[in-house]
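entry-v5.txt follows (compact mmCIF, C-alpha atoms and all ligand atoms):
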```
# COMPACT_ATOMS: atom_id res chain seq x y z
CA MET A 45 0.00 0.00 0.00
CA THR A 46 1.26 3.43 -0.89
CA THR A 47 -1.70 5.29 0.49
CA ALA A 48 0.20 7.21 3.17
CA SER A 49 2.46 8.92 0.70
CA SER A 50 -0.10 9.38 -2.05
CA SER A 51 -2.47 11.35 0.17
CA THR A 52 0.11 14.09 0.54
CA GLY A 53 2.16 13.47 -2.57
CA HIS A 54 -0.25 14.96 -5.13
CA ARG A 55 0.30 18.61 -4.30
CA SER A 56 -0.12 20.72 -7.45
CA ASP A 57 -0.98 17.65 -9.47
CA PRO A 58 -3.05 19.23 -12.31
CA ALA A 59 -4.64 15.94 -13.39
CA LEU A 60 -5.80 15.13 -9.86
CA PHE A 61 -7.05 18.68 -9.39
CA ASP A 62 -9.11 18.45 -12.56
CA TYR A 63 -10.39 15.01 -11.66
CA LEU A 64 -11.50 16.17 -8.21
CA LEU A 65 -13.26 19.15 -9.81
CA ARG A 66 -15.17 16.76 -12.06
CA LEU A 67 -16.33 14.71 -9.10
CA GLY A 68 -17.06 17.71 -6.87
CA ASP A 69 -18.81 19.73 -9.56
CA ASP A 70 -21.09 16.80 -10.47
CA SER A 71 -22.28 16.64 -6.86
CA LEU A 72 -22.48 20.42 -6.42
CA ILE A 73 -24.46 21.19 -9.56
CA LEU A 74 -26.91 18.34 -9.04
CA ALA A 75 -27.38 19.46 -5.42
CA GLN A 76 -28.22 22.98 -6.60
CA ARG A 77 -30.68 21.62 -9.18
CA LEU A 78 -32.42 19.43 -6.60
CA SER A 79 -32.65 22.36 -4.19
CA GLU A 80 -34.92 24.09 -6.70
CA TRP A 81 -37.56 21.52 -5.73
CA CYS A 82 -37.57 22.61 -2.09
CA GLY A 83 -41.14 23.67 -1.31
CA HIS A 84 -42.38 22.60 -4.77
CA ALA A 85 -42.32 18.80 -4.72
CA PRO A 86 -45.57 16.87 -5.33
CA MET A 87 -45.75 15.66 -1.69
CA ILE A 88 -44.16 16.70 1.59
CA GLU A 89 -42.38 13.32 1.84
CA VAL A 90 -40.87 13.80 -1.61
CA ASP A 91 -39.91 17.36 -0.75
CA LEU A 92 -37.99 16.06 2.28
CA SER A 93 -36.42 13.27 0.25
CA ILE A 94 -35.14 15.57 -2.47
CA SER A 95 -33.79 18.04 0.08
CA ASN A 96 -31.99 15.25 1.91
CA VAL A 97 -30.41 13.94 -1.28
CA ALA A 98 -29.35 17.51 -2.14
CA LEU A 99 -27.82 17.85 1.32
CA ASP A 100 -25.81 14.65 0.90
CA LEU A 101 -24.55 15.92 -2.45
CA VAL A 102 -23.53 19.27 -0.94
CA GLY A 103 -21.61 17.32 1.69
CA GLN A 104 -19.78 15.32 -0.98
CA ALA A 105 -19.06 18.48 -2.97
CA THR A 106 -17.61 20.21 0.09
CA LEU A 107 -15.23 17.33 0.84
CA LEU A 108 -14.18 16.92 -2.79
CA LEU A 109 -13.74 20.61 -3.60
CA ASP A 110 -11.89 21.33 -0.35
CA TYR A 111 -9.50 18.55 -1.32
CA ALA A 112 -9.26 19.88 -4.89
CA GLY A 113 -8.29 23.27 -3.48
CA GLU A 114 -5.54 21.71 -1.37
CA VAL A 115 -4.21 19.78 -4.36
CA GLU A 116 -4.21 22.94 -6.43
CA GLY A 117 -2.20 24.68 -3.72
CA LYS A 118 -3.34 28.22 -4.47
CA GLY A 119 -5.24 28.79 -1.27
CA ARG A 120 -8.72 28.17 -2.69
CA ASP A 121 -11.13 26.16 -0.54
CA GLY A 122 -14.42 24.48 -1.47
CA ASP A 123 -16.45 27.66 -1.04
CA LYS A 124 -14.09 29.66 -3.21
CA LEU A 125 -14.23 27.01 -5.93
CA ALA A 126 -18.01 26.75 -5.73
CA PHE A 127 -18.92 30.43 -5.64
CA HIS A 128 -16.09 32.26 -7.39
CA ARG A 129 -15.62 30.25 -10.56
CA ASP A 130 -17.24 30.95 -13.92
CA ALA A 131 -19.18 28.44 -16.01
CA LEU A 132 -16.25 27.77 -18.35
CA ARG A 133 -14.20 26.55 -15.37
CA PHE A 134 -16.80 24.04 -14.21
CA ARG A 135 -16.04 20.40 -14.98
CA ASN A 136 -19.40 18.75 -14.26
CA CYS A 137 -21.05 16.44 -16.78
CA LEU A 138 -23.92 17.90 -18.81
CA LEU A 139 -26.44 15.51 -17.24
CA VAL A 140 -26.44 17.20 -13.83
CA GLU A 141 -27.04 20.71 -15.17
CA GLN A 142 -30.15 19.69 -17.13
CA PRO A 143 -33.33 21.42 -15.97
CA ASN A 144 -35.59 19.67 -13.49
CA GLY A 145 -38.58 19.54 -15.84
CA ASP A 146 -41.36 17.65 -14.09
CA PHE A 147 -40.85 15.09 -11.32
CA GLY A 148 -40.42 12.29 -13.90
CA GLN A 149 -37.59 14.16 -15.62
CA THR A 150 -35.91 14.85 -12.28
CA MET A 151 -36.11 11.18 -11.32
CA ALA A 152 -34.76 10.08 -14.72
CA ARG A 153 -31.72 12.31 -14.20
CA GLN A 154 -31.28 11.16 -10.60
CA TYR A 155 -31.52 7.50 -11.49
CA LEU A 156 -28.95 7.75 -14.30
CA PHE A 157 -26.56 9.80 -12.17
CA SER A 158 -26.83 7.84 -8.91
CA THR A 159 -26.60 4.47 -10.65
CA CYS A 160 -23.35 5.52 -12.31
CA GLN A 161 -22.06 7.30 -9.20
CA ARG A 162 -22.62 4.19 -7.08
CA LEU A 163 -20.46 2.10 -9.42
CA LEU A 164 -17.78 4.78 -9.59
CA PHE A 165 -17.61 5.35 -5.84
CA ARG A 166 -17.39 1.63 -5.11
CA GLY A 167 -14.17 1.79 -7.09
CA LEU A 168 -13.05 5.08 -5.55
CA ALA A 169 -13.43 3.59 -2.07
CA GLN A 170 -10.47 1.35 -3.08
CA SER A 171 -8.43 4.27 -4.39
CA THR A 172 -4.66 4.39 -3.89
CA ASP A 173 -5.29 7.96 -2.75
CA ALA A 174 -6.19 7.51 0.93
CA ARG A 175 -7.97 10.85 1.26
CA LEU A 176 -10.19 10.18 -1.75
CA ALA A 177 -10.84 6.60 -0.61
CA GLY A 178 -12.06 7.93 2.75
CA ILE A 179 -14.39 10.46 1.14
CA ALA A 180 -15.73 7.83 -1.26
CA ALA A 181 -16.37 5.21 1.44
CA LYS A 182 -18.26 7.79 3.46
CA ALA A 183 -20.29 9.09 0.51
CA LEU A 184 -21.02 5.61 -0.84
CA LYS A 185 -23.31 4.82 2.10
CA GLU A 186 -25.46 7.78 1.08
CA ILE A 187 -25.26 7.13 -2.66
CA GLU A 188 -26.58 3.57 -2.21
CA TYR A 189 -29.71 5.13 -0.78
CA HIS A 190 -30.06 7.67 -3.60
CA ALA A 191 -29.68 4.96 -6.24
CA ASP A 192 -32.23 2.65 -4.63
CA TRP A 193 -34.66 5.49 -3.98
CA SER A 194 -34.56 6.86 -7.53
CA ALA A 195 -34.84 3.33 -9.01
CA GLU A 196 -37.98 2.81 -6.93
CA TRP A 197 -39.49 5.96 -8.40
CA VAL A 198 -38.59 4.94 -11.96
CA VAL A 199 -40.43 1.64 -11.39
CA ARG A 200 -43.37 3.29 -9.60
CA LEU A 201 -43.89 5.93 -12.28
CA GLY A 202 -43.01 3.70 -15.25
CA ASP A 203 -45.32 0.92 -14.11
CA GLY A 204 -47.95 3.40 -12.87
CA THR A 205 -50.74 5.25 -14.64
CA PRO A 206 -50.61 6.08 -18.38
CA GLU A 207 -49.86 9.66 -17.31
CA SER A 208 -46.95 8.81 -14.99
CA ARG A 209 -45.58 6.33 -17.53
CA GLU A 210 -45.58 8.92 -20.29
CA ARG A 211 -43.84 11.44 -18.05
CA MET A 212 -41.18 8.90 -17.09
CA ILE A 213 -40.56 8.07 -20.75
CA ASN A 214 -40.37 11.78 -21.64
CA GLY A 215 -38.05 12.42 -18.72
CA PHE A 216 -35.60 9.80 -19.94
CA ALA A 217 -36.00 11.04 -23.51
CA TRP A 218 -34.51 14.35 -22.39
CA MET A 219 -31.62 12.74 -20.54
CA TRP A 220 -30.42 9.94 -22.85
CA ARG A 221 -28.12 12.27 -24.84
CA PHE A 222 -26.04 12.91 -21.74
CA VAL A 223 -25.43 9.32 -20.65
CA ASP A 224 -22.39 8.54 -22.82
CA GLU A 225 -20.47 11.40 -21.23
CA LEU A 226 -20.64 9.64 -17.86
CA PHE A 227 -18.43 6.88 -19.25
CA GLN A 228 -16.05 8.96 -21.34
CA VAL A 229 -12.34 8.51 -20.76
CA ASP A 230 -10.02 11.34 -21.79
CA GLU A 231 -6.32 11.85 -21.02
CA ILE A 232 -7.06 12.95 -17.43
CA ASP A 233 -9.25 9.92 -16.67
CA ALA A 234 -6.61 7.68 -18.21
CA ALA A 235 -3.82 9.15 -16.08
CA ILE A 236 -5.92 8.92 -12.93
CA ALA A 237 -6.92 5.32 -13.68
CA LYS A 238 -3.33 4.37 -14.42
CA ALA A 239 -2.27 5.67 -10.99
CA GLY A 240 -4.97 3.50 -9.38
CA ILE A 241 -6.74 6.58 -8.05
CA ALA A 242 -10.04 5.76 -9.76
CA PRO A 243 -11.53 3.09 -12.00
CA ALA A 244 -11.61 4.01 -15.68
CA ARG A 245 -15.14 5.19 -16.38
CA ASP A 246 -15.57 2.99 -19.46
CA SER A 247 -15.00 -0.07 -17.27
CA LEU A 248 -18.26 0.71 -15.44
CA ARG A 249 -20.45 0.66 -18.53
CA ALA A 250 -21.36 -3.04 -18.59
CA ALA A 251 -22.51 -3.02 -14.96
CA PHE A 252 -24.45 0.19 -15.59
CA ASN A 253 -26.22 -1.29 -18.62
CA ALA A 254 -27.14 -4.41 -16.64
CA GLU A 255 -28.60 -2.26 -13.87
CA LEU A 256 -30.54 -0.20 -16.41
CA LYS A 257 -31.97 -3.32 -18.02
CA LYS A 258 -33.10 -4.67 -14.64
CA THR A 259 -34.82 -1.43 -13.61
CA PHE A 260 -36.48 -0.89 -16.98
CA GLU A 261 -37.85 -4.42 -16.98
CA ALA A 262 -39.31 -3.89 -13.53
CA ALA A 263 -40.73 -0.54 -14.69
CA THR A 264 -42.09 -2.15 -17.91
CA LEU A 265 -40.39 0.66 -19.83
CA PRO A 266 -38.93 0.23 -23.34
CA LEU A 267 -35.15 0.48 -23.63
CA ALA A 268 -34.00 1.75 -27.02
CA PRO A 269 -30.48 2.43 -28.36
CA LEU A 270 -29.16 5.77 -27.14
CA PRO A 271 -29.35 8.83 -29.41
CA ALA A 272 -26.15 10.60 -30.47
CA ALA A 273 -24.22 11.80 -27.45
CA ILE A 274 -23.57 15.42 -26.50
CA LEU A 275 -20.21 15.84 -24.79
CA GLY A 276 -18.10 18.69 -23.49
CA GLY A 277 -18.89 19.27 -19.81
CA ARG A 278 -15.54 17.89 -18.64
CA LYS A 279 -13.79 20.51 -20.77
CA GLY A 280 -16.01 23.36 -19.63
CA HIS A 281 -18.27 23.40 -22.70
CA HIS A 282 -21.64 23.65 -21.01
CA SER A 283 -25.24 24.16 -22.03
CA GLU A 284 -26.86 27.54 -21.44
CA HIS A 285 -28.56 26.04 -18.38
CA LEU A 286 -25.41 26.10 -16.27
CA GLY A 287 -24.98 29.87 -16.47
CA HIS A 288 -28.49 30.45 -15.15
CA LEU A 289 -27.96 27.92 -12.37
CA LEU A 290 -24.68 29.56 -11.33
CA ALA A 291 -26.27 33.01 -11.42
CA ALA A 292 -28.75 31.89 -8.76
CA MET A 293 -26.19 29.92 -6.75
CA GLN A 294 -23.34 32.44 -6.82
CA PHE A 295 -25.23 35.73 -6.62
CA LEU A 296 -25.06 36.27 -2.88
CA PRO A 297 -21.38 35.50 -2.20
CA ARG A 298 -20.37 37.55 -5.25
CA ALA A 299 -22.60 40.53 -4.45
CA TYR A 300 -21.60 40.47 -0.77
CA PRO A 301 -18.07 39.01 -0.59
CA GLY A 302 -17.26 37.52 2.78
CA ALA A 303 -20.90 37.44 3.89
CA THR A 304 -21.62 34.97 6.70
CA TRP A 305 -24.80 33.81 8.40
CA MET B 237 2.67 8.89 34.22
CA SER B 238 1.49 12.47 34.58
CA SER B 239 -0.25 14.33 31.82
CA PRO B 240 -0.40 18.10 31.39
CA LEU B 241 -4.16 17.57 31.25
CA GLY B 242 -4.13 16.35 34.86
CA THR B 243 -4.95 12.95 36.34
CA GLY B 244 -7.90 11.05 34.96
CA TRP B 245 -8.06 13.46 32.03
CA ARG B 246 -9.55 10.99 29.61
CA ASP B 247 -12.46 10.08 31.90
CA ARG B 248 -13.05 13.72 32.68
CA ILE B 249 -13.16 14.69 29.00
CA MET B 250 -15.46 11.77 28.21
CA HIS B 251 -17.72 12.93 31.03
CA VAL B 252 -17.84 16.41 29.49
CA LEU B 253 -18.65 14.94 26.08
CA ALA B 254 -21.34 12.65 27.50
CA ASN B 255 -23.25 15.80 28.42
CA VAL B 256 -23.11 17.34 24.94
CA PRO B 257 -26.49 16.62 23.29
CA ASP B 258 -26.96 15.93 19.60
CA PRO B 259 -28.53 19.12 18.23
CA GLU B 260 -31.13 17.27 16.16
CA VAL B 261 -31.98 14.57 18.69
CA PRO B 262 -31.24 16.27 22.03
CA ALA B 263 -32.37 13.19 23.99
CA VAL B 264 -29.09 11.46 23.12
CA SER B 265 -25.53 12.66 23.60
CA ILE B 266 -22.84 12.69 20.96
CA VAL B 267 -21.17 9.84 22.87
CA ASP B 268 -24.38 7.77 22.75
CA LEU B 269 -24.50 8.28 18.98
CA GLY B 270 -20.91 7.13 18.47
CA ILE B 271 -19.85 10.42 16.95
CA VAL B 272 -16.91 10.71 19.38
CA ARG B 273 -14.21 8.41 18.00
CA ASP B 274 -11.21 9.15 20.19
CA VAL B 275 -9.66 11.43 22.75
CA ARG B 276 -6.03 11.97 21.88
CA GLU B 277 -3.41 13.03 24.42
CA ASN B 278 -0.68 14.55 22.29
CA PRO B 279 -1.50 16.99 20.85
CA PRO B 280 -4.69 16.88 22.90
CA ALA B 281 -7.83 16.64 20.79
CA VAL B 282 -11.30 15.18 20.66
CA ILE B 283 -11.78 13.31 17.38
CA ILE B 284 -15.31 13.21 15.99
CA THR B 285 -16.82 11.84 12.80
CA PRO B 286 -19.86 13.18 10.90
CA THR B 287 -22.96 11.02 10.59
CA TYR B 288 -23.72 12.18 7.02
CA THR B 289 -21.37 14.17 4.77
CA GLY B 290 -23.76 17.09 4.43
CA CYS B 291 -25.20 16.95 7.94
CA PRO B 292 -25.54 20.59 9.02
CA ALA B 293 -25.40 19.43 12.64
CA THR B 294 -21.68 18.68 12.36
CA ASP B 295 -20.65 22.33 12.68
CA VAL B 296 -23.10 22.86 15.53
CA ILE B 297 -21.67 19.80 17.29
CA LYS B 298 -18.12 21.11 16.92
CA GLY B 299 -19.20 24.41 18.44
CA SER B 300 -20.99 22.69 21.33
CA ILE B 301 -17.94 20.54 22.10
CA ARG B 302 -15.68 23.60 22.00
CA GLN B 303 -17.95 25.39 24.44
CA ALA B 304 -18.22 22.41 26.79
CA LEU B 305 -14.44 21.85 26.79
CA ASP B 306 -13.79 25.53 27.49
CA LEU B 307 -16.24 25.56 30.38
CA ALA B 308 -14.54 22.48 31.87
CA ASP B 309 -11.11 24.13 31.60
CA PHE B 310 -9.93 21.99 28.69
CA ARG B 311 -9.13 25.03 26.56
CA ASP B 312 -6.05 23.44 25.00
CA VAL B 313 -7.92 20.36 23.79
CA GLY B 314 -8.73 20.72 20.10
CA VAL B 315 -11.66 19.32 18.13
CA GLU B 316 -10.82 17.41 14.96
CA THR B 317 -12.91 15.57 12.36
CA THR B 318 -12.13 12.27 10.68
CA LEU B 319 -13.99 10.49 7.88
CA THR B 320 -12.42 7.07 8.24
CA PRO B 321 -13.73 4.65 9.16
CA PRO B 322 -17.13 6.01 8.11
CA TRP B 323 -19.73 6.36 10.85
CA THR B 324 -22.20 3.53 11.24
CA THR B 325 -25.35 3.23 13.34
CA ASP B 326 -23.71 0.15 14.90
CA TRP B 327 -21.75 2.63 17.03
CA ILE B 328 -24.91 3.88 18.74
CA SER B 329 -24.72 2.55 22.29
CA ASP B 330 -27.43 0.40 23.90
CA THR B 331 -28.17 3.31 26.22
CA GLY B 332 -28.45 5.55 23.15
CA ARG B 333 -30.88 3.14 21.50
CA GLU B 334 -33.08 3.07 24.60
CA LYS B 335 -33.03 6.87 24.83
CA LEU B 336 -34.06 7.12 21.15
CA ARG B 337 -36.97 4.75 21.72
CA ALA B 338 -38.13 6.68 24.80
CA TYR B 339 -37.91 9.88 22.76
CA GLY B 340 -40.27 8.41 20.12
CA ILE B 341 -37.69 7.40 17.50
CA ALA B 342 -37.42 3.74 16.55
CA PRO B 343 -33.70 2.91 16.92
CA PRO B 344 -31.78 1.33 14.03
CA PRO B 345 -31.27 -2.41 14.04
CA HIS B 346 -27.72 -3.57 14.71
CA SER B 347 -26.28 -4.78 11.40
CA SER B 348 -25.20 -8.08 13.02
CA THR B 349 -28.79 -8.81 14.05
CA LEU B 350 -30.35 -7.37 10.92
CA ARG B 351 -32.65 -9.89 9.32
CA ALA B 352 -34.44 -9.38 6.07
CA LYS B 353 -37.98 -8.04 6.40
CA GLN B 354 -37.50 -7.21 10.06
CA LEU B 355 -39.67 -4.15 10.61
CA PRO B 356 -38.95 -1.53 13.26
CA ALA B 357 -41.22 -1.69 16.31
CA CYS B 358 -43.48 1.28 16.96
CA PRO B 359 -41.77 3.33 19.70
CA ARG B 360 -45.16 4.09 21.25
CA CYS B 361 -47.02 0.77 21.40
CA GLY B 362 -44.26 -1.71 20.53
CA SER B 363 -46.15 -3.25 17.60
CA THR B 364 -44.08 -4.47 14.66
CA ASN B 365 -47.08 -4.05 12.38
CA THR B 366 -45.45 -0.99 10.82
CA GLN B 367 -44.98 0.47 7.35
CA GLU B 368 -42.52 2.83 5.67
CA ILE B 369 -44.04 6.12 4.48
CA SER B 370 -40.86 7.69 3.12
CA ARG B 371 -37.20 6.69 3.00
CA PHE B 372 -36.18 10.21 3.95
CA GLY B 373 -37.54 11.94 7.03
CA SER B 374 -37.02 15.16 8.93
CA THR B 375 -33.22 14.78 9.03
CA PRO B 376 -30.77 12.80 6.85
CA CYS B 377 -30.48 10.04 9.48
CA LYS B 378 -34.20 9.30 9.75
CA ALA B 379 -36.93 7.69 7.66
CA LEU B 380 -40.66 8.25 8.14
CA TRP B 381 -42.78 5.28 9.24
CA ARG B 382 -46.26 4.67 10.57
CA CYS B 383 -47.69 2.18 13.01
CA LEU B 384 -50.64 0.21 11.64
CA SER B 385 -51.70 -0.86 15.15
CA CYS B 386 -51.93 2.50 16.93
CA ALA B 387 -52.00 4.62 13.73
CA GLU B 388 -49.22 6.96 14.92
CA PRO B 389 -46.49 8.08 12.50
CA PHE B 390 -42.93 7.86 13.83
CA ASP B 391 -39.33 8.52 12.88
CA HIS B 392 -37.06 5.54 12.32
CA PHE B 393 -33.34 6.05 12.73
CA LYS B 394 -32.04 4.42 9.54
CA CYS B 395 -29.47 1.65 9.57
CA HIS B 396 -26.41 3.30 8.04
ZN ZN C 401 -47.95 1.88 17.56
```
Exercise: express the given structure as C-alpha cells:
Amino acid sequence: MTTASSSTGHRSDPALFDYLLRLGDDSLILAQRLSEWCGHAPMIEVDLSISNVALDLVGQATLLLDYAGEVEGKGRDGDKLAFHRDALRFRNCLLVEQPNGDFGQTMARQYLFSTCQRLLFRGLAQSTDARLAGIAAKALKEIEYHADWSAEWVVRLGDGTPESRERMINGFAWMWRFVDELFQVDEIDAAIAKAGIAPARDSLRAAFNAELKKTFEAATLPLAPLPAAILGGRKGHHSEHLGHLLAAMQFLPRAYPGATW
Amino acid sequence: MSSPLGTGWRDRIMHVLANVPDPEVPAVSIVDLGIVRDVRENPPAVIITPTYTGCPATDVIKGSIRQALDLADFRDVGVETTLTPPWTTDWISDTGREKLRAYGIAPPPHSSTLRAKQLPACPRCGSTNTQEISRFGSTPCKALWRCLSCAEPFDHFKCH
C-alpha cells in the first residue's frame, strides 16, 4: 500500500485537481438543481427526500472541492471554488445541469446519475489515494440510498398510470443524450486510472447497462439504443442552463463578498 | 505517568462529552451516537466523525464541544474531524438506543442482528405491524414510518 504517501504526494498535481473538480462539480451542480424543488415537490415526503439527497450531495461536494483546493495549492477552498468560478471553469457532466422539468424528468436524471455514481464510488473507495478513498467510502453509504430510492421511483412511475408512464418516458427522452459522457475517458481519466486513483469510467459501462436493463424491466419501460451523445462538460463546454444555475447559486457571495450567516 | 491535562483526564473529558447533546436529537448525547471516536493526548484533541457528509449538525456539534471543553477548563484540547472509518449506526450505544426509543424514534437495528424483512417496532405501542411512508424523514439520518396498530407516524433512525 502506498496510500500514506499518495495522500500528501499529489500537491499541485493538475490531473488530480481536474479530476476532483469533475467529481465535486457533479455533486455540487446536481445538489443545486435538486434544491430548486424545495417547497415545490408533489408531496411533503418527496420534498424532504429531495432536500436530503441535495444535502448529501452538498456534503460530498464540500469534501471533494476542499480537497481539490488543497491539491491545487493556491489557497482556494471548497467555497471559493463553488462560488467564485465561472461556467467555463466548471467540470461537471452535462447531465447534472439539465433542468428539473417535471418530477419524472428529475427522477430520470437522478436515477442515471446515482446508478453511475454508485459504481464509480465503489471503485473510488479502493483508491490508492487515501484521502479520496475515505471520502468515497463515506459518501457511498449515502449514494446507495439515492440509487435505490430513484430506481424505486422509476419503477413506480413507469409501471404506474398512463400519465406517470408517459412522463417517465419523456423524462428519460430528455436525458439519454447525456449518458455517454458519464463513461467517457479522456487523457485525465486515463492518467488517474493508471495511478490506481479511480476506476476508468468505461470499465463501469457493462454493470451500468445491466442495472438499467433490470430497472427498466421492472418498470415495464422500453429500452431503445441511445441517441447521439452530447459531450463537453468535462472541458467546460456547457449548455446555457449552467450559467443560469450559477447566477442563482453564486449571486449572494459575489454581491456580498465575505458574507456569513 | 502524569499528563499536562491532569490525572484522569480521559475520563473527565469523556464525562464532558457525554453531556453534549446531539442538536437534532437532544435526547441522546454525541457519545451515545458514536460520533466521538477518540480522545487523543498529544496533541490533545477530541476526534469526531460526521454522521452524514452534508449533515448541518456537524458544525453545531463542533461548536458545542468547543464550548463544553472551554467551560470544563480543557481550553487546549482541540476538536478534529475524521472520515475514516465512516460512521455507522452500529456505534450507537445500547443506552443511546433506549433513549431514542423513549424519545419516540425507533432505533436502528444492529447490522449483526439485521434480518431481512424485520420491521422496526413502533416506539409508542411496541407493535411491529409498521410500514414505511418515506425513506427520507425530517433529518438525513431518519426515515418516516407509521404504526398500523396505533396509527401513529414515527421517525425511524435508519441503519447506516
Ligand atoms: Zn404503535
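For region 55-62 of chain A, the set of protein, DNA and RNA residues having any atom at most 9 Å away, when counting all atoms listed in the file and skipping those fewer than 2 positions along the same chain, is A:Ser51, A:Thr52, A:Gly53, A:Leu64, A:Leu65, A:Arg66, A:Leu67, A:Tyr111, A:Ala112, A:Gly113, A:Glu114, A:Val115, A:Glu116, A:Gly117, A:Lys118, A:Arg135, A:Glu231, A:Ile232, A:Asp233, A:Ala235, A:Ile236, A:Ile241, A:Arg278.
Once all atoms listed in the file are used for the distance check, the residues close to ligand ZN 401 (chain C) at 12 Å turn out to be B:Gly340, B:Ile341, B:Ala342, B:Pro356, B:Ala357, B:Cys358, B:Pro359, B:Arg360, B:Cys361, B:Gly362, B:Ser363, B:Thr364, B:Asn365, B:Thr366, B:Gln367, B:Trp381, B:Arg382, B:Cys383, B:Leu384, B:Ser385, B:Cys386, B:Ala387, B:Glu388, B:Pro389, B:Phe390, B:Asp391.
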(request) Could you check which of B:Leu305, B:Leu355, B:Ala254, B:Leu319 is closest to Ile284 (chain B), using all atoms listed in the file? (result) B:Leu319
(message) Let me make sure I understand: among B:Ser370, B:Ser265, B:Asn255, B:Gln354, which one has the smallest atom-to-atom distance to Ala308 (chain B) if we use all atoms listed in the file?
(response) B:Asn255
(message) Using all atoms listed in the file, I'd like every residue of chain B that has an atom within 9 Å of chain A; please write them out as a list of chain:residue names.
(response) B:Tyr288, B:Thr289, B:Gly290, B:Cys291, B:Pro292, B:Leu319, B:Thr320, B:Pro321, B:Pro322, B:Trp323, B:Ile369, B:Ser370, B:Arg371, B:Phe372, B:Gly373, B:Ser374, B:Thr375, B:Pro376, B:Leu380, B:His396
(request) One decimal, Å: what's the distance from CA of His281 (chain A) over to CA of Leu138 (chain A), could you say? (result) 8.8 Å
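Here CA of Gly299 (chain B) is placed at a distance of 20.5 Å from CA of Gly302 (chain A).
Relative to CA of Lys124 (chain A), CA of Glu284 (chain A) is found at 22.4 Å.
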(message) Excluding Lys394 (chain B) and its own-chain neighbours fewer than 3 positions away, which residues fall within 8 Å of it when counting only C-alpha atoms? Please give them as a PyMOL selection string.
(response) chain B and resi 325+343-344+377-379
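For the residues A:Gly202, A:Ala131, A:Asp110, A:Leu265, ranking by smallest atom-to-atom distance to Leu290 (chain A) using only C-alpha atoms places A:Ala131 first.
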Give the padded box for region 259-268 of chain A as lines of an AutoDock Vina configuration file: axis-aligned, covering all atoms listed in the file, 6 Å on each side, centre and edge lengths in Å to one decimal.
```
center_x = -38.0
center_y = -1.3
center_z = -20.3
size_x = 20.1
size_y = 18.2
size_z = 25.5
```
(request) Can you work out which one of A:Gln228, A:Asn214, A:Ser171, A:Thr205 has the shortest atom-to-atom distance to Gly145 (chain A), counting all atoms listed in the file? (result) A:Asn214
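You can rank A:Gly122, A:Pro143, A:Pro271, A:Gly167 by their closest distance to Ala244 (chain A) using all atoms listed in the file, and at the top of that list sits A:Gly167.
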(message) Just checking: using only C-alpha atoms, which residue out of B:Thr317, B:Ser329, B:Ser347, B:Ser300 ends up closest to Asp258 (chain B)?
(response) B:Ser300
(message) Which residues are near Val223 (chain A)? Cut-off 9 Å, all atoms listed in the file, ignore same chain within fewer than 4 positions. Put them as a list in words.
(response) Leu138, Leu139, Leu156, Phe157, Met219, Phe227, Leu270, Ala273 and Ile274 of chain A
(message) Just want the 10 Å neighbourhood of Trp197 (chain A), counted on only C-alpha atoms, with same-chain residues fewer than 2 positions away dropped. Output as a PyMOL selection string.
(response) chain A and resi 147-148+151-152+154-155+192-195+199-204+212+263
